[in-house]
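Asker: What follows is protein.cif, made up of mmCIF, C-alpha atoms and all ligand atoms; chains and numbers go by the auth columns:
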data_coords
#
loop_
_atom_site.group_PDB
_atom_site.id
_atom_site.type_symbol
_atom_site.label_atom_id
_atom_site.label_comp_id
_atom_site.label_asym_id
_atom_site.label_seq_id
_atom_site.Cartn_x
_atom_site.Cartn_y
_atom_site.Cartn_z
_atom_site.B_iso_or_equiv
_atom_site.auth_seq_id
_atom_site.auth_asym_id
ATOM 1 C CA MET A 1 12.855 -9.167 11.902 0.00 1 A
ATOM 2 C CA ALA A 2 11.423 -7.295 8.895 0.00 2 A
ATOM 3 C CA GLU A 3 12.700 -3.760 8.437 0.00 3 A
ATOM 4 C CA ASN A 4 11.020 -0.629 9.869 0.00 4 A
ATOM 5 C CA GLN A 5 8.662 -2.446 12.177 0.00 5 A
ATOM 6 C CA ARG A 6 8.737 -3.640 15.786 0.00 6 A
ATOM 7 C CA GLN A 7 7.148 -6.443 17.804 0.00 7 A
ATOM 8 C CA ALA A 8 5.694 -5.814 21.252 0.00 8 A
ATOM 9 C CA TYR A 9 2.952 -7.432 23.330 0.00 9 A
ATOM 10 C CA GLY A 10 2.216 -9.868 20.484 0.00 10 A
ATOM 11 C CA LEU A 11 1.656 -7.086 17.934 0.00 11 A
ATOM 12 C CA THR A 12 3.446 -5.886 14.842 0.00 12 A
ATOM 13 C CA ILE A 13 3.735 -2.095 14.838 0.00 13 A
ATOM 14 C CA LEU A 14 5.062 -0.235 11.807 0.00 14 A
ATOM 15 C CA LYS A 15 7.574 2.576 12.125 0.00 15 A
ATOM 16 C CA ASN A 16 6.978 5.936 10.443 0.00 16 A
ATOM 17 C CA ASN A 17 9.485 5.161 7.719 0.00 17 A
ATOM 18 C CA HIS A 18 7.882 1.813 6.767 0.00 18 A
ATOM 19 C CA ALA A 19 6.964 1.748 3.056 0.00 19 A
ATOM 20 C CA GLU A 20 3.241 1.133 3.784 0.00 20 A
ATOM 21 C CA VAL A 21 3.088 4.083 6.191 0.00 21 A
ATOM 22 C CA ARG A 22 4.867 6.299 3.664 0.00 22 A
ATOM 23 C CA ARG A 23 2.399 5.163 0.986 0.00 23 A
ATOM 24 C CA LEU A 24 -0.572 6.084 3.222 0.00 24 A
ATOM 25 C CA ARG A 25 0.935 9.466 4.002 0.00 25 A
ATOM 26 C CA LYS A 26 1.096 10.209 0.285 0.00 26 A
ATOM 27 C CA GLN A 27 -2.378 8.831 -0.387 0.00 27 A
ATOM 28 C CA THR A 28 -4.398 10.238 2.514 0.00 28 A
ATOM 29 C CA GLY A 29 -2.250 13.005 4.021 0.00 29 A
ATOM 30 C CA LEU A 30 -1.028 13.538 7.547 0.00 30 A
ATOM 31 C CA PRO A 31 -3.309 13.345 10.622 0.00 31 A
ATOM 32 C CA SER A 32 -3.411 16.777 12.235 0.00 32 A
ATOM 33 C CA ILE A 33 -3.945 16.451 16.039 0.00 33 A
ATOM 34 C CA HIS A 34 -0.784 14.417 16.795 0.00 34 A
ATOM 35 C CA GLY A 35 -2.241 11.191 15.365 0.00 35 A
ATOM 36 C CA ASN A 36 0.672 11.102 12.915 0.00 36 A
ATOM 37 C CA LYS A 37 2.510 8.248 14.681 0.00 37 A
ATOM 38 C CA PHE A 38 2.233 5.536 17.304 0.00 38 A
ATOM 39 C CA TRP A 39 2.819 7.029 20.781 0.00 39 A
ATOM 40 C CA LYS A 40 4.769 4.982 23.301 0.00 40 A
ATOM 41 C CA SER A 41 2.418 5.325 26.248 0.00 41 A
ATOM 42 C CA THR A 42 0.257 2.726 24.495 0.00 42 A
ATOM 43 C CA TYR A 43 2.919 0.232 25.694 0.00 43 A
ATOM 44 C CA LEU A 44 1.997 1.235 29.262 0.00 44 A
ATOM 45 C CA LEU A 45 -1.660 0.597 28.472 0.00 45 A
ATOM 46 C CA MET A 46 -0.863 -2.825 26.958 0.00 46 A
ATOM 47 C CA ASP A 47 1.342 -3.818 29.879 0.00 47 A
ATOM 48 C CA TYR A 48 -1.231 -2.677 32.443 0.00 48 A
ATOM 49 C CA LEU A 49 -4.060 -4.532 30.664 0.00 49 A
ATOM 50 C CA HIS A 50 -1.858 -7.613 30.400 0.00 50 A
ATOM 51 C CA GLU A 51 -1.556 -7.458 34.208 0.00 51 A
ATOM 52 C CA TYR A 52 -5.215 -6.525 34.839 0.00 52 A
ATOM 53 C CA PRO A 53 -7.081 -7.882 31.792 0.00 53 A
ATOM 54 C CA PRO A 54 -10.650 -7.102 30.782 0.00 54 A
ATOM 55 C CA LYS A 55 -12.978 -10.095 30.676 0.00 55 A
ATOM 56 C CA ALA A 56 -12.876 -12.053 27.416 0.00 56 A
ATOM 57 C CA GLY A 57 -15.099 -10.578 24.717 0.00 57 A
ATOM 58 C CA ALA A 58 -15.608 -7.250 26.537 0.00 58 A
ATOM 59 C CA ARG A 59 -16.901 -4.255 24.576 0.00 59 A
ATOM 60 C CA VAL A 60 -14.028 -1.780 24.472 0.00 60 A
ATOM 61 C CA LEU A 61 -14.061 1.864 23.361 0.00 61 A
ATOM 62 C CA GLU A 62 -10.670 3.428 22.631 0.00 62 A
ATOM 63 C CA ILE A 63 -10.824 7.230 22.600 0.00 63 A
ATOM 64 C CA GLY A 64 -8.250 9.383 20.790 0.00 64 A
ATOM 65 C CA CYS A 65 -7.179 6.139 19.175 0.00 65 A
ATOM 66 C CA GLY A 66 -4.690 7.453 16.600 0.00 66 A
ATOM 67 C CA TRP A 67 -3.254 4.333 14.967 0.00 67 A
ATOM 68 C CA GLY A 68 -5.443 2.290 17.327 0.00 68 A
ATOM 69 C CA LEU A 69 -2.879 -0.122 18.759 0.00 69 A
ATOM 70 C CA GLY A 70 -4.479 -0.093 22.230 0.00 70 A
ATOM 71 C CA GLY A 71 -7.759 -1.384 20.853 0.00 71 A
ATOM 72 C CA ILE A 72 -6.022 -3.748 18.435 0.00 72 A
ATOM 73 C CA PHE A 73 -4.152 -5.216 21.416 0.00 73 A
ATOM 74 C CA CYS A 74 -7.471 -5.806 23.256 0.00 74 A
ATOM 75 C CA ALA A 75 -9.020 -7.426 20.174 0.00 75 A
ATOM 76 C CA LYS A 76 -6.048 -9.742 19.764 0.00 76 A
ATOM 77 C CA ALA A 77 -5.205 -10.567 23.375 0.00 77 A
ATOM 78 C CA PHE A 78 -8.695 -10.661 24.932 0.00 78 A
ATOM 79 C CA ASN A 79 -11.020 -11.122 21.975 0.00 79 A
ATOM 80 C CA SER A 80 -12.545 -7.711 22.807 0.00 80 A
ATOM 81 C CA GLN A 81 -15.138 -6.142 20.517 0.00 81 A
ATOM 82 C CA VAL A 82 -13.427 -2.851 19.816 0.00 82 A
ATOM 83 C CA THR A 83 -14.650 0.549 18.666 0.00 83 A
ATOM 84 C CA ALA A 84 -11.926 3.121 18.052 0.00 84 A
ATOM 85 C CA LEU A 85 -12.864 6.790 18.247 0.00 85 A
ATOM 86 C CA ASP A 86 -10.917 9.787 16.996 0.00 86 A
ATOM 87 C CA ALA A 87 -11.732 13.374 16.077 0.00 87 A
ATOM 88 C CA ASP A 88 -9.439 13.115 13.048 0.00 88 A
ATOM 89 C CA GLU A 89 -10.594 10.614 10.429 0.00 89 A
ATOM 90 C CA LYS A 90 -7.166 10.702 8.782 0.00 90 A
ATOM 91 C CA VAL A 91 -5.901 8.324 11.500 0.00 91 A
ATOM 92 C CA PHE A 92 -8.248 5.516 10.430 0.00 92 A
ATOM 93 C CA PRO A 93 -6.314 4.231 7.372 0.00 93 A
ATOM 94 C CA TYR A 94 -3.268 3.731 9.661 0.00 94 A
ATOM 95 C CA LEU A 95 -5.482 1.929 12.176 0.00 95 A
ATOM 96 C CA GLN A 96 -6.995 -0.349 9.503 0.00 96 A
ATOM 97 C CA LEU A 97 -3.521 -1.144 8.170 0.00 97 A
ATOM 98 C CA HIS A 98 -2.447 -2.260 11.669 0.00 98 A
ATOM 99 C CA ALA A 99 -5.693 -4.159 12.319 0.00 99 A
ATOM 100 C CA GLU A 100 -5.190 -6.125 9.107 0.00 100 A
ATOM 101 C CA LEU A 101 -1.514 -6.712 9.822 0.00 101 A
ATOM 102 C CA ASN A 102 -2.413 -8.109 13.248 0.00 102 A
ATOM 103 C CA GLY A 103 -5.377 -10.175 12.067 0.00 103 A
ATOM 104 C CA VAL A 104 -8.210 -8.430 13.925 0.00 104 A
ATOM 105 C CA SER A 105 -11.115 -6.178 13.042 0.00 105 A
ATOM 106 C CA VAL A 106 -12.001 -2.898 14.737 0.00 106 A
ATOM 107 C CA GLU A 107 -14.955 -0.543 14.204 0.00 107 A
ATOM 108 C CA THR A 108 -14.096 3.126 13.767 0.00 108 A
ATOM 109 C CA TRP A 109 -16.060 6.156 14.938 0.00 109 A
ATOM 110 C CA LYS A 110 -15.189 9.732 13.929 0.00 110 A
ATOM 111 C CA CYS A 111 -16.214 11.795 16.935 0.00 111 A
ATOM 112 C CA ARG A 112 -14.748 14.188 19.491 0.00 112 A
ATOM 113 C CA TYR A 113 -14.643 12.643 22.952 0.00 113 A
ATOM 114 C CA GLU A 114 -16.466 15.728 24.296 0.00 114 A
ATOM 115 C CA ARG A 115 -19.503 14.556 22.324 0.00 115 A
ATOM 116 C CA VAL A 116 -19.647 10.999 23.681 0.00 116 A
ATOM 117 C CA ARG A 117 -22.807 10.838 25.790 0.00 117 A
ATOM 118 C CA LYS A 118 -23.653 8.674 28.795 0.00 118 A
ATOM 119 C CA ILE A 119 -26.046 6.706 26.615 0.00 119 A
ATOM 120 C CA ASP A 120 -23.214 6.027 24.149 0.00 120 A
ATOM 121 C CA LEU A 121 -20.922 4.894 26.976 0.00 121 A
ATOM 122 C CA LYS A 122 -23.500 2.406 28.220 0.00 122 A
ATOM 123 C CA ALA A 123 -22.768 0.322 25.093 0.00 123 A
ATOM 124 C CA PHE A 124 -19.244 -0.415 26.450 0.00 124 A
ATOM 125 C CA ASP A 125 -17.662 -2.296 29.344 0.00 125 A
ATOM 126 C CA VAL A 126 -14.259 -0.615 29.167 0.00 126 A
ATOM 127 C CA VAL A 127 -12.997 2.761 27.904 0.00 127 A
ATOM 128 C CA ILE A 128 -9.279 2.938 27.146 0.00 128 A
ATOM 129 C CA ALA A 129 -6.963 5.730 26.023 0.00 129 A
ATOM 130 C CA ALA A 130 -3.259 6.449 25.629 0.00 130 A
ATOM 131 C CA ASP A 131 -1.710 9.906 25.496 0.00 131 A
ATOM 132 C CA VAL A 132 -4.872 11.919 24.970 0.00 132 A
ATOM 133 C CA CYS A 133 -4.500 14.661 27.609 0.00 133 A
ATOM 134 C CA PHE A 134 -1.686 16.829 26.270 0.00 134 A
ATOM 135 C CA TRP A 135 -3.188 20.351 26.166 0.00 135 A
ATOM 136 C CA ASP A 136 -4.650 22.422 29.024 0.00 136 A
ATOM 137 C CA SER A 137 -7.904 22.589 27.081 0.00 137 A
ATOM 138 C CA MET A 138 -8.205 18.781 27.289 0.00 138 A
ATOM 139 C CA VAL A 139 -8.240 18.536 31.096 0.00 139 A
ATOM 140 C CA ASN A 140 -11.903 19.469 31.603 0.00 140 A
ATOM 141 C CA PRO A 141 -13.366 17.500 28.671 0.00 141 A
ATOM 142 C CA LEU A 142 -11.509 14.321 29.677 0.00 142 A
ATOM 143 C CA TYR A 143 -12.393 14.683 33.346 0.00 143 A
ATOM 144 C CA ASN A 144 -16.021 15.123 32.270 0.00 144 A
ATOM 145 C CA LEU A 145 -15.825 12.034 30.071 0.00 145 A
ATOM 146 C CA VAL A 146 -14.545 9.910 32.979 0.00 146 A
ATOM 147 C CA ARG A 147 -17.302 11.360 35.151 0.00 147 A
ATOM 148 C CA ARG A 148 -19.943 10.443 32.569 0.00 148 A
ATOM 149 C CA ALA A 149 -18.561 6.880 32.494 0.00 149 A
ATOM 150 C CA HIS A 150 -18.723 6.812 36.302 0.00 150 A
ATOM 151 C CA GLN A 151 -22.322 8.057 36.255 0.00 151 A
ATOM 152 C CA ALA A 152 -23.299 5.617 33.488 0.00 152 A
ATOM 153 C CA GLY A 153 -22.198 2.836 35.875 0.00 153 A
ATOM 154 C CA ASP A 154 -20.313 -0.454 35.440 0.00 154 A
ATOM 155 C CA ILE A 155 -17.783 1.035 33.029 0.00 155 A
ATOM 156 C CA ARG A 156 -14.104 0.578 33.668 0.00 156 A
ATOM 157 C CA VAL A 157 -11.775 3.340 32.389 0.00 157 A
ATOM 158 C CA VAL A 158 -8.044 2.819 31.858 0.00 158 A
ATOM 159 C CA MET A 159 -5.894 5.668 30.530 0.00 159 A
ATOM 160 C CA SER A 160 -2.123 5.824 30.193 0.00 160 A
ATOM 161 C CA ASP A 161 0.162 8.793 29.758 0.00 161 A
ATOM 162 C CA PRO A 162 3.874 9.596 29.790 0.00 162 A
ATOM 163 C CA GLY A 163 3.162 11.694 32.908 0.00 163 A
ATOM 164 C CA ARG A 164 2.297 15.125 31.507 0.00 164 A
ATOM 165 C CA SER A 165 1.110 17.739 34.025 0.00 165 A
ATOM 166 C CA THR A 166 -2.192 18.047 32.134 0.00 166 A
ATOM 167 C CA PHE A 167 -2.892 14.329 32.551 0.00 167 A
ATOM 168 C CA ARG A 168 -1.889 14.398 36.240 0.00 168 A
ATOM 169 C CA GLN A 169 -4.263 17.310 36.802 0.00 169 A
ATOM 170 C CA MET A 170 -7.152 15.451 35.135 0.00 170 A
ATOM 171 C CA ALA A 171 -6.326 12.153 36.892 0.00 171 A
ATOM 172 C CA GLY A 172 -5.950 13.890 40.275 0.00 172 A
ATOM 173 C CA ARG A 173 -9.446 15.338 39.921 0.00 173 A
ATOM 174 C CA CYS A 174 -10.802 11.868 39.093 0.00 174 A
ATOM 175 C CA GLU A 175 -9.107 10.461 42.228 0.00 175 A
ATOM 176 C CA GLU A 176 -10.684 13.151 44.414 0.00 176 A
ATOM 177 C CA SER A 177 -14.234 12.692 43.184 0.00 177 A
ATOM 178 C CA MET A 178 -14.587 9.045 42.060 0.00 178 A
ATOM 179 C CA ASP A 179 -13.327 5.545 42.816 0.00 179 A
ATOM 180 C CA ALA A 180 -10.308 6.204 40.606 0.00 180 A
ATOM 181 C CA GLU A 181 -6.591 5.974 41.140 0.00 181 A
ATOM 182 C CA TYR A 182 -3.522 6.817 39.109 0.00 182 A
ATOM 183 C CA ASN A 183 -0.114 5.262 39.620 0.00 183 A
ATOM 184 C CA SER A 184 3.304 5.121 38.029 0.00 184 A
ATOM 185 C CA TRP A 185 3.703 2.286 35.540 0.00 185 A
ATOM 186 C CA TYR A 186 6.590 0.707 33.682 0.00 186 A
ATOM 187 C CA ALA A 187 6.441 -1.329 30.472 0.00 187 A
ATOM 188 C CA PRO A 188 9.558 -3.434 29.757 0.00 188 A
ATOM 189 C CA GLU A 189 8.581 -4.264 26.147 0.00 189 A
ATOM 190 C CA PRO A 190 10.063 -3.402 23.676 0.00 190 A
ATOM 191 C CA ASN A 191 12.594 -1.041 25.298 0.00 191 A
ATOM 192 C CA SER A 192 11.275 0.404 28.581 0.00 192 A
ATOM 193 C CA ALA A 193 8.534 3.000 28.761 0.00 193 A
ATOM 194 C CA THR A 194 7.592 4.823 31.942 0.00 194 A
ATOM 195 C CA GLY A 195 4.585 6.937 32.815 0.00 195 A
ATOM 196 C CA VAL A 196 1.308 6.733 34.678 0.00 196 A
ATOM 197 C CA VAL A 197 -1.961 4.833 34.406 0.00 197 A
ATOM 198 C CA LEU A 198 -5.362 6.042 35.618 0.00 198 A
ATOM 199 C CA GLU A 199 -7.983 3.434 36.441 0.00 199 A
ATOM 200 C CA LEU A 200 -11.643 4.048 37.210 0.00 200 A
ATOM 201 C CA ARG A 201 -12.908 0.856 38.776 0.00 201 A
ATOM 202 C CA VAL A 202 -16.344 -0.633 38.304 0.00 202 A
HETATM 203 C C1 LIG B . -0.999 11.926 20.933 0.00 301 B
HETATM 204 S S1 LIG B . -2.156 11.126 19.877 0.00 301 B
HETATM 205 C C2 LIG B . -2.283 9.541 20.647 0.00 301 B
HETATM 206 C C3 LIG B . -2.776 8.499 19.685 0.00 301 B
HETATM 207 C C4 LIG B . -2.813 7.064 20.235 0.00 301 B
HETATM 208 N N1 LIG B . -3.699 6.954 21.360 0.00 301 B
HETATM 209 C C5 LIG B . -1.424 6.577 20.600 0.00 301 B
HETATM 210 O O1 LIG B . -1.115 6.520 21.797 0.00 301 B
HETATM 211 O O2 LIG B . -0.642 6.261 19.686 0.00 301 B
HETATM 212 C C6 LIG B . -3.703 11.894 20.343 0.00 301 B
HETATM 213 C C7 LIG B . -4.901 11.436 19.510 0.00 301 B
HETATM 214 O O3 LIG B . -6.090 12.012 20.074 0.00 301 B
HETATM 215 C C8 LIG B . -6.906 12.507 19.009 0.00 301 B
HETATM 216 N N2 LIG B . -7.715 13.605 19.560 0.00 301 B
HETATM 217 C C9 LIG B . -7.294 14.837 19.952 0.00 301 B
HETATM 218 N N3 LIG B . -8.323 15.558 20.436 0.00 301 B
HETATM 219 C C10 LIG B . -9.424 14.752 20.364 0.00 301 B
HETATM 220 C C11 LIG B . -10.794 14.935 20.735 0.00 301 B
HETATM 221 N N4 LIG B . -11.228 16.064 21.271 0.00 301 B
HETATM 222 N N5 LIG B . -11.635 13.897 20.531 0.00 301 B
HETATM 223 C C12 LIG B . -11.198 12.730 19.985 0.00 301 B
HETATM 224 N N6 LIG B . -9.919 12.526 19.608 0.00 301 B
HETATM 225 C C13 LIG B . -9.039 13.520 19.807 0.00 301 B
HETATM 226 C C14 LIG B . -5.920 12.949 17.932 0.00 301 B
HETATM 227 O O4 LIG B . -6.492 13.018 16.653 0.00 301 B
HETATM 228 C C15 LIG B . -4.855 11.857 18.046 0.00 301 B
HETATM 229 O O5 LIG B . -5.120 10.744 17.228 0.00 301 B
#
Can you dump the structure from the file as structure tokens?
Ligand SMILES: C[S@@+](CC[C@H](N)C(=O)[O-])C[C@H]1O[C@@H](n2cnc3c(N)ncnc32)[C@H](O)[C@@H]1O
Answerer:
Amino acid sequence: MAENQRQAYGLTILKNNHAEVRRLRKQTGLPSIHGNKFWKSTYLLMDYLHEYPPKAGARVLEIGCGWGLGGIFCAKAFNSQVTALDADEKVFPYLQLHAELNGVSVETWKCRYERVRKIDLKAFDVVIAADVCFWDSMVNPLYNLVRRAHQAGDIRVVMSDPGRSTFRQMAGRCEESMDAEYNSWYAPEPNSATGVVLELRV
């Protein structure tokens, strides 16, 4: 296998010390809200979606996309039409590098998830996210986003997390008030990741 990269769920994912990633860091600077690397709970998202796939060609919105591997996986595995949203535009060059490397195309959208309206959500069939609820201040905005998706109707939401208390708090509130459930999940590829996955069903 080529150096400083890994293969998982049919994707090539570069490590932080890969020459192309180092080049981007020099050229565009470092993302500032933890979008500076690929986070492993995306493996949980990929594994879960492999088990419970979206329909082929679904319109997928990935929020807090960082390097965007969740959406890239959907584009590659399920021919999804993917839009990747992040508050920090510095993540997008890393996302485009990975999209190109994996032979798919993904639209990008610089926006905070707090600002995504019901009318915006209606343009999607599925909202996905990995590791986006890591501060106390994120619990309310993310709960509200899931609630807006629920109110918009017919939108599936799938979010994975390593199991942080902030995520559990947000997911627990979704369980209490909507047809949502969060459960432990395990991803064997590439070297075992554990955490939880929240699903809002349509
Ligand atoms: C821990 S990283 C996870 C990135 C990616 N999902 C992954 O698993 O590799 C969190 C991401 O959420 C983004 N983010 C943080 N707050 C946000 C907000 N309010 N709206 C949109 N994106 C946000 C950050 O810029 C960062 O890319």
Asker: Quick one: residues within 8 Å of ligand LIG 301 (chain B), with all atoms listed in the file, as a ChimeraX atom specification?
Answerer: /A:31-42,62-70,85-89,91,110-114,129-134,138,141
Asker: Restricting the calculation to only C-alpha atoms: of A:Glu176, A:Asp125, A:Asp47, A:Glu181, which residue gets closest to Ala193 (chain A)?
Answerer: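 Nearest candidate to Ala193 (chain A) out of A:Glu176, A:Asp125, A:Asp47, A:Glu181: A:Asp47.
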Asker: Which value, in Å to one decimal, gives the distance between CA of Met170 (chain A) and CA of Leu142 (chain A)?
Answerer: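 Interatomic distance, CA of Met170 (chain A) to CA of Leu142 (chain A): 7.1 Å.
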Asker: With only C-alpha atoms as the atoms that count, which of A:Ala123, A:Gly153, A:Leu49, A:Thr166 lies nearest to Glu199 (chain A)?
Answerer: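 Closest to Glu199 (chain A) of all the choices is A:Leu49.
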Asker: Between A:Tyr43, A:Tyr143, A:Phe73, A:Trp135, which residue has the minimum interatomic distance to Tyr186 (chain A), considering all atoms listed in the file?
Answerer: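 Among A:Tyr43, A:Tyr143, A:Phe73, A:Trp135, it is A:Tyr43 that comes nearest to Tyr186 (chain A).
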Asker: Exactly which residues make up the result of the PyMOL selection byres (((chain A and resi 51) around 12) and not hetatm) on this file, given as a list of chain:residue names?
Answerer: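 Applied to this file, the PyMOL selection byres (((chain A and resi 51) around 12) and not hetatm) selects A:Tyr9, A:Leu44, A:Leu45, A:Met46, A:Asp47, A:Tyr48, A:Leu49, A:His50, A:Tyr52, A:Pro53, A:Pro54, A:Ala77, A:Trp185, A:Tyr186, A:Ala187.
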Asker: Mind pulling up the distance from CA of Lys55 (chain A) to CA of Ala171 (chain A)?
Answerer: 24.0 Å
Asker: Rank A:Arg117, A:Ala19, A:Cys174, A:Val82 by their smallest atom-to-atom distance to Ser105 (chain A), using all atoms listed in the file, and report the top residue only.
Answerer: A:Val82
Asker: Written as a PyMOL selection string, which residues does the PyMOL selection byres (((chain A and resi 58) around 9) and not hetatm) give for the file shown?
Answerer: chain A and resi 54-57+59-60+74+78-82+124-126
Asker: Given the choices A:Asn4, A:Thr108, A:Ser177, A:Gln27, which gets closest to Gln96 (chain A) if the distance is worked out from only C-alpha atoms?
Answerer: A:Thr108
Asker: So which one's closest to Thr194 (chain A), A:Leu61, A:Arg148, A:Ser160, A:Trp109? Using only C-alpha atoms, please.
Answerer: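 Of the candidates, the smallest distance to Thr194 (chain A) is held by A:Ser160.
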Asker: Can you measure CA of Arg168 (chain A) to CA of Leu30 (chain A) for me? One decimal in Å is fine.
Answerer: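 Distance between the two atoms: 28.7 Å.
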Asker: Return as lines of an AutoDock Vina configuration file the centre and edge lengths, in Å with one decimal, of the box along x, y and z that encloses every atom of region 73-88 of chain A in the file, padded by 8 Å per side.
Answerer:
center_x = -9.6
center_y = 1.1
center_z = 19.0
size_x = 27.0
size_y = 40.5
size_z = 27.9
Asker: Can you list, as a PyMOL selection string, every protein, DNA or RNA residue that comes within 9 Å of Val104 (chain A) when you count only C-alpha atoms, leaving out same-chain residues fewer than 5 positions away?
Answerer: chain A and resi 72+75-76+79+98-99
Asker: Return as a list in words the set of residues that the PyMOL selection byres (((chain A and resi 196) around 7) and not hetatm) yields on the displayed structure.
Answerer: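 Selected by the PyMOL selection byres (((chain A and resi 196) around 7) and not hetatm) in this file: Ser160, Asp161, Pro162, Gly163, Tyr182, Asn183, Ser184, Trp185, Gly195, Val197 and Leu198 of chain A.
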Asker: Can you list, as a PyMOL selection string, every protein, DNA or RNA residue that comes within 10 Å of Leu200 (chain A) when you count only C-alpha atoms, leaving out same-chain residues fewer than 6 positions away?
Answerer: chain A and resi 126-127+146-147+149-150+154-159+171+174-175+178-182
